[in-house]
$ cat target.cif   # mmCIF, C-alpha atoms
data_target
#
loop_
_atom_site.label_atom_id
_atom_site.label_comp_id
_atom_site.auth_asym_id
_atom_site.auth_seq_id
_atom_site.Cartn_x
_atom_site.Cartn_y
_atom_site.Cartn_z
CA MET L 1 116.30 111.80 113.84
CA ALA L 2 117.12 108.10 113.48
CA GLN L 3 117.99 106.07 116.52
CA SER L 4 121.63 105.05 116.64
CA GLY L 5 121.01 101.61 118.19
CA PHE L 6 118.07 100.63 115.96
CA ASP L 7 118.62 97.90 113.35
CA ARG L 8 116.05 98.07 110.54
CA ARG L 9 117.05 94.64 109.19
CA ARG L 10 115.85 92.81 112.29
CA VAL L 11 112.52 92.42 114.02
CA ASN L 12 113.26 93.69 117.49
CA GLY L 13 111.60 91.95 120.38
CA PRO L 14 109.98 93.60 123.38
CA GLU L 15 112.09 95.30 126.02
CA GLU L 16 111.13 92.70 128.62
CA SER L 17 109.71 89.19 128.41
CA PHE L 18 108.23 86.62 130.77
CA TYR L 19 108.69 82.86 130.70
CA PRO L 20 105.53 80.77 130.13
CA VAL L 21 103.80 79.11 133.07
CA PHE L 22 102.88 75.46 132.55
CA ASP L 23 100.16 73.66 134.46
CA ASN L 24 101.47 70.27 135.57
CA THR L 25 98.45 69.24 137.60
CA GLU L 26 97.28 66.70 135.01
CA GLY L 27 100.67 65.14 134.34
CA SER L 28 101.74 64.95 137.97
CA ALA L 29 99.56 61.93 138.80
CA THR L 30 99.36 59.03 136.35
CA LEU L 31 96.50 56.58 136.04
CA TYR L 32 98.52 53.61 137.35
CA GLN L 33 100.69 55.45 139.84
CA ASP L 34 99.42 53.43 142.82
CA TRP L 35 98.57 50.29 140.84
CA LYS L 36 99.79 46.91 142.15
CA VAL L 37 100.06 43.51 140.49
CA GLY L 38 96.80 41.64 140.71
CA GLN L 39 94.57 44.68 140.59
CA ALA L 40 92.04 45.19 137.80
CA ARG L 41 92.54 47.30 134.71
CA ARG L 42 91.38 50.86 135.10
CA GLN L 43 88.80 52.60 132.87
CA ARG L 44 88.48 49.54 130.59
CA GLN L 45 87.89 45.82 130.82
CA PRO L 46 90.87 43.59 129.89
CA GLN L 47 89.39 42.63 126.49
CA ASP L 48 88.10 46.11 125.60
CA ILE L 49 89.79 48.28 122.98
CA ARG L 50 89.69 52.04 122.66
CA PRO L 51 86.98 53.62 120.46
CA ILE L 52 88.06 53.91 116.82
CA PHE L 53 87.40 56.86 114.53
CA LEU L 54 88.24 56.13 110.88
CA LYS L 55 87.93 58.66 108.05
CA ILE L 56 88.59 57.62 104.46
CA GLY L 57 89.78 59.84 101.60
CA PHE L 58 90.61 63.06 103.43
CA ILE L 59 93.76 63.75 101.33
CA LYS L 60 92.51 64.66 97.86
CA GLN L 61 95.93 64.62 96.19
CA ALA L 62 96.56 60.97 97.12
CA ASN L 63 95.12 57.93 95.37
CA GLY L 64 93.94 56.66 98.73
CA SER L 65 94.12 58.01 102.27
CA ALA L 66 92.81 57.38 105.75
CA TYR L 67 92.89 58.99 109.17
CA ILE L 68 92.51 56.86 112.28
CA GLU L 69 92.16 58.02 115.86
CA THR L 70 91.98 55.91 119.01
CA GLU L 71 91.95 58.37 121.91
CA LYS L 72 95.59 59.53 122.18
CA THR L 73 96.79 57.67 119.08
CA LYS L 74 96.32 59.67 115.87
CA ILE L 75 97.69 58.54 112.50
CA ALA L 76 97.30 59.80 108.93
CA CYS L 77 98.11 57.59 105.94
CA ALA L 78 98.38 58.34 102.21
CA VAL L 79 98.86 55.94 99.29
CA TYR L 80 100.30 56.99 95.93
CA GLY L 81 100.33 54.66 92.97
CA PRO L 82 100.61 52.26 91.43
CA ARG L 83 103.15 54.10 89.30
CA GLN L 84 105.84 52.94 86.92
CA SER L 85 109.11 52.00 88.56
CA LYS L 86 112.13 54.16 87.75
CA SER L 87 114.36 51.11 87.75
CA PHE L 88 115.56 49.85 84.36
CA THR L 89 115.31 46.20 85.41
CA TYR L 90 112.05 44.41 84.68
CA ASN L 91 110.25 42.93 87.69
CA GLU L 92 107.26 40.66 87.30
CA ILE L 93 106.09 41.52 90.81
CA GLY L 94 105.38 45.06 91.95
CA LYS L 95 107.09 46.73 94.88
CA LEU L 96 105.47 48.03 98.06
CA ASN L 97 107.22 50.87 99.87
CA VAL L 98 106.24 51.93 103.39
CA GLU L 99 107.58 55.06 105.06
CA VAL L 100 106.69 56.03 108.63
CA LYS L 101 107.40 59.41 110.20
CA PHE L 102 106.76 60.57 113.75
CA THR L 103 105.96 64.22 114.27
CA PRO L 104 108.21 66.01 116.79
CA PHE L 105 105.21 66.43 119.12
CA SER L 106 103.92 62.85 118.82
CA SER L 107 105.27 61.77 122.21
CA VAL L 108 105.86 63.31 125.63
CA ALA L 109 109.58 63.79 124.93
CA ARG L 110 110.14 65.85 121.79
CA ARG L 111 111.44 63.83 118.86
CA VAL L 112 114.20 64.93 116.53
CA PRO L 113 112.63 65.51 113.07
CA ILE L 114 114.80 62.92 111.33
CA ARG L 115 114.24 59.23 110.63
CA ASP L 116 115.62 56.92 113.29
CA ALA L 117 115.60 53.18 114.04
CA GLU L 118 112.10 53.28 115.53
CA ASP L 119 110.66 54.75 112.33
CA ARG L 120 112.21 51.97 110.28
CA SER L 121 111.10 49.21 112.65
CA VAL L 122 107.48 50.43 112.56
CA ALA L 123 107.66 50.69 108.76
CA ASN L 124 108.98 47.12 108.52
CA LEU L 125 106.17 45.79 110.73
CA VAL L 126 103.52 47.56 108.65
CA HIS L 127 105.13 46.30 105.44
CA GLN L 128 105.20 42.71 106.70
CA ALA L 129 101.54 42.91 107.67
CA LEU L 130 100.44 44.27 104.28
CA ALA L 131 102.77 42.58 101.79
CA SER L 132 100.90 39.27 101.63
CA SER L 133 97.51 40.97 101.14
CA VAL L 134 98.35 43.06 98.06
CA ARG L 135 98.13 41.51 94.58
CA LEU L 136 101.59 42.66 93.55
CA ASP L 137 101.68 39.92 90.90
CA LEU L 138 99.14 41.94 88.90
CA LEU L 139 101.35 45.05 88.93
CA PRO L 140 104.61 44.24 87.10
CA LYS L 141 107.27 46.95 87.13
CA SER L 142 105.09 49.08 89.39
CA VAL L 143 105.62 50.76 92.73
CA ILE L 144 103.10 51.58 95.46
CA ASP L 145 104.18 54.15 98.03
CA ILE L 146 102.57 54.27 101.48
CA PHE L 147 103.32 57.25 103.71
CA VAL L 148 102.30 57.03 107.37
CA THR L 149 102.47 60.08 109.64
CA VAL L 150 102.13 59.48 113.37
CA ILE L 151 100.59 62.64 114.79
CA GLU L 152 100.29 61.31 118.33
CA CYS L 153 101.46 58.00 119.77
CA ASP L 154 100.21 56.33 122.95
CA GLY L 155 101.94 52.95 122.94
CA LEU L 156 104.20 51.63 120.16
CA GLU L 157 102.33 48.33 119.69
CA SER L 158 98.96 50.04 119.39
CA CYS L 159 100.53 52.60 117.06
CA VAL L 160 101.69 49.82 114.71
CA ALA L 161 98.23 48.25 114.80
CA ALA L 162 96.50 51.55 113.98
CA ALA L 163 98.99 52.28 111.18
CA THR L 164 98.31 48.87 109.64
CA ILE L 165 94.55 49.47 109.68
CA ALA L 166 94.92 52.93 108.12
CA ALA L 167 97.31 51.67 105.43
CA SER L 168 95.10 48.73 104.44
CA THR L 169 91.98 50.87 104.13
CA SER L 170 93.97 53.45 102.14
CA LEU L 171 95.03 50.72 99.68
CA ALA L 172 91.39 49.70 99.29
CA LYS L 173 90.40 53.33 98.72
CA ALA L 174 93.09 53.63 96.02
CA GLY L 175 91.45 50.78 94.09
CA ILE L 176 94.41 48.42 94.46
CA GLU L 177 93.34 44.79 94.32
CA LEU L 178 93.71 43.02 97.67
CA PHE L 179 93.11 39.54 98.95
CA GLY L 180 91.43 41.16 101.93
CA LEU L 181 91.62 44.01 104.40
CA VAL L 182 94.35 43.62 107.00
CA MET L 183 93.33 44.43 110.55
CA SER L 184 95.62 44.47 113.55
CA CYS L 185 95.35 44.43 117.34
CA ALA L 186 97.87 44.42 120.18
CA GLY L 187 97.79 42.76 123.57
CA ALA L 188 99.84 43.02 126.77
CA ILE L 189 100.39 40.32 129.39
CA VAL L 190 99.85 42.03 132.75
CA GLY L 191 99.91 39.59 135.64
CA GLU L 192 97.64 36.70 134.66
CA ASN L 193 95.46 38.74 132.29
CA THR L 194 95.75 39.90 128.69
CA TRP L 195 94.98 43.57 128.19
CA LEU L 196 94.04 44.39 124.59
CA ASP L 197 95.02 47.65 122.91
CA PRO L 198 97.38 48.74 125.71
CA THR L 199 98.43 52.34 126.19
CA GLU L 200 102.03 53.37 126.71
CA GLU L 201 101.56 53.42 130.48
CA GLU L 202 99.94 49.97 130.46
CA THR L 203 102.78 48.58 128.33
CA ARG L 204 105.28 49.49 131.06
CA LEU L 205 103.36 47.25 133.49
CA ALA L 206 103.40 44.26 131.11
CA SER L 207 105.86 41.40 131.15
CA GLY L 208 105.37 40.91 127.39
CA THR L 209 103.37 42.20 124.44
CA ILE L 210 102.03 40.58 121.30
CA LEU L 211 100.83 42.11 118.04
CA CYS L 212 98.70 40.24 115.53
CA ALA L 213 97.80 41.30 111.99
CA CYS L 214 95.33 39.21 110.02
CA MET L 215 92.75 39.18 107.23
CA PRO L 216 89.46 38.34 108.98
CA ALA L 217 87.65 37.73 105.68
CA LEU L 218 90.03 34.86 104.87
CA ASP L 219 90.83 33.83 108.45
CA ALA L 220 94.52 34.22 107.63
CA THR L 221 97.29 35.73 109.76
CA THR L 222 99.80 37.97 108.01
CA ASN L 223 102.17 38.98 110.80
CA ILE L 224 102.90 38.31 114.49
CA TRP L 225 105.26 40.36 116.63
CA GLN L 226 106.04 39.37 120.20
CA THR L 227 108.26 41.15 122.72
CA GLY L 228 109.15 40.47 126.34
CA ARG L 229 108.40 37.25 128.22
CA MET L 230 105.27 35.13 128.15
CA LEU L 231 104.32 31.47 128.37
CA PRO L 232 103.19 29.60 125.24
CA GLY L 233 99.66 29.38 126.62
CA GLU L 234 99.59 33.14 127.22
CA ALA L 235 100.83 33.77 123.68
CA PHE L 236 98.13 31.57 122.11
CA GLN L 237 95.44 33.13 124.29
CA GLY L 238 96.62 36.60 123.33
CA LEU L 239 96.53 35.70 119.64
CA GLU L 240 92.98 34.38 119.91
CA LEU L 241 91.78 37.51 121.68
CA CYS L 242 93.51 39.77 119.14
CA GLN L 243 91.97 37.85 116.23
CA GLU L 244 88.50 38.19 117.76
CA ARG L 245 88.93 41.95 118.04
CA CYS L 246 90.26 42.12 114.48
CA VAL L 247 86.89 40.80 113.30
CA ASP L 248 85.16 43.69 115.07
CA ILE L 249 87.64 46.22 113.66
CA HIS L 250 87.09 44.76 110.17
CA GLN L 251 83.41 45.69 110.38
CA ILE L 252 84.35 49.28 111.26
CA ALA L 253 86.78 49.54 108.32
CA ALA L 254 84.31 47.99 105.88
CA GLN L 255 81.56 50.35 107.01
CA ALA L 256 83.89 53.36 106.62
CA LEU L 257 84.71 52.30 103.05
CA LEU L 258 81.04 51.89 102.21
CA GLU L 259 80.15 55.31 103.58
CA ASP L 260 82.97 57.03 101.68
#
$ encode --input "target.cif" --output "structure tokens"
Amino acid sequence: MAQSGFDRRRVNGPEESFYPVFDNTEGSATLYQDWKVGQARRQRQPQDIRPIFLKIGFIKQANGSAYIETEKTKIACAVYGPRQSKSFTYNEIGKLNVEVKFTPFSSVARRVPIRDAEDRSVANLVHQALASSVRLDLLPKSVIDIFVTVIECDGLESCVAAATIAASTSLAKAGIELFGLVMSCAGAIVGENTWLDPTEEETRLASGTILCACMPALDATTNIWQTGRMLPGEAFQGLELCQERCVDIHQIAAQALLED
């Protein structure tokens, strides 16, 4: 005999349920909870950057792809093209499109899965860093699409730097002619010191941040982004330190391309 209150069109849940129990022991105490101005940087020296893992060509459907991971910053990048533009107007110079998306679980607070102003600002910074390195004059009426997916983000400035590195190596993997690989590094002014590759927690302690993108092979700077307050001397010192680290990162990217 059929049950009167049973609905066959639905998947009925259990009769009773229990709410999940979360362990907040790790998140209760932060690394810089008791930090004061003038104290040293914790776990790293001021000019040290996080270890970099770079994997080239992991997306087979794309012309070029790269995955970069620096501890809690994880980014995947895919390049499609060059392809013919759908526009009817003839352009002697190709077009470079950059689209950045943050996953809903990329930050501590859940993100809404739609594009917002932060996505566009990161995409603009990556585009500005890469535009001058790509030989778009050799690709008339062509379009190159770069899709960046931020899986996990630990500091916006460091996220932009990692996205730039992944995008540049993906362009090289796709066989697109470049003037040189674009590397990027961020720095934060904390007290009287410059902390390179700052995390999100370290960025909150800083009075200002600076982001530098350059082509180490040509000793040319492609983009500079500065936020907050800092003296001119601090800005120039931060740029020099970022450019020195970009040379080291360039060796990692070149080695990853050779091993691919």
$ resolve_selection --input "target.cif" --expression "the PyMOL selection byres ((chain L and resi 259) around 12)" --output "PyMOL selection string"
chain L and resi 54-57+173+252-258+260
$ residues_around --input "target.cif" --residues "Ala188 in chain L" --least-positions-apart "3" --cutoff "9 Å" --atoms "all atoms listed in the file" --output "PyMOL selection string"
chain L and resi 193-198+202-203+205-211+238
$ closest_residue --input "target.cif" --among "L:Ala213, L:Val143, L:Ile68, L:Leu171" --to "Ala129 in chain L" --atoms "only C-alpha atoms"
L:Ala213
$ closest_residue --input "target.cif" --among "L:Asn97, L:Ser158, L:Asn124, L:Ser168" --to "Ser142 in chain L" --atoms "all atoms listed in the file"
L:Asn97
$ closest_residue --input "target.cif" --among "L:Ala109, L:Ala174, L:Ala76, L:Ala40" --to "Val190 in chain L" --atoms "all atoms listed in the file"
L:Ala40
$ closest_atom_pairs --input "target.cif" --of "range 105-198 of chain L" --to "range 60-65 of chain L" --cutoff "10 Å" --atoms "only C-alpha atoms" --output "CSV"
residue,atom,partner,partner_atom,distance
L:Ile146,CA,L:Ser65,CA,9.3
L:Phe147,CA,L:Ser65,CA,9.3
L:Val148,CA,L:Ser65,CA,9.7
L:Ala166,CA,L:Ser65,CA,7.8
L:Ala167,CA,L:Ser65,CA,7.8
L:Ser168,CA,L:Ser65,CA,9.6
L:Thr169,CA,L:Ser65,CA,7.7
L:Ser170,CA,L:Ser65,CA,4.6
L:Leu171,CA,L:Gly64,CA,6.1
L:Ala172,CA,L:Gly64,CA,7.4
L:Lys173,CA,L:Gly64,CA,4.9
L:Ala174,CA,L:Gly64,CA,4.2
L:Gly175,CA,L:Gly64,CA,7.9
L:Ile176,CA,L:Gly64,CA,9.3
$ resolve_selection --input "target.cif" --expression "the PyMOL selection byres ((chain L and resi 50) around 8)" --output "PyMOL selection string"
chain L and resi 48-49+51-52+70-71+197
$ residues_around --input "target.cif" --residues "Asp137 in chain L" --least-positions-apart "3" --cutoff "9 Å" --atoms "all atoms listed in the file" --output "PyMOL selection string"
chain L and resi 92-94+134+140
$ closest_residue --input "target.cif" --among "L:Tyr80, L:Phe102, L:Phe179, L:Tyr19" --to "Cys159 in chain L" --atoms "all atoms listed in the file"
L:Phe102
$ closest_residue --input "target.cif" --among "L:Arg44, L:Lys141, L:Lys74, L:His127" --to "Asn91 in chain L" --atoms "all atoms listed in the file"
L:Lys141
$ resolve_selection --input "target.cif" --expression "the PyMOL selection byres ((chain L and resi 153) around 9)" --output "ChimeraX atom specification"
/L:72-75,102,106-107,150-152,154-156,158-159,200
$ atom_distance --input "target.cif" --atom1 "CA of Ile59 in chain L" --atom2 "CA of Gln128 in chain L"
24.5 Å
$ closest_residue --input "target.cif" --among "L:Ile249, L:Ala161, L:Val108, L:Leu241" --to "Val122 in chain L" --atoms "all atoms listed in the file"
L:Ala161
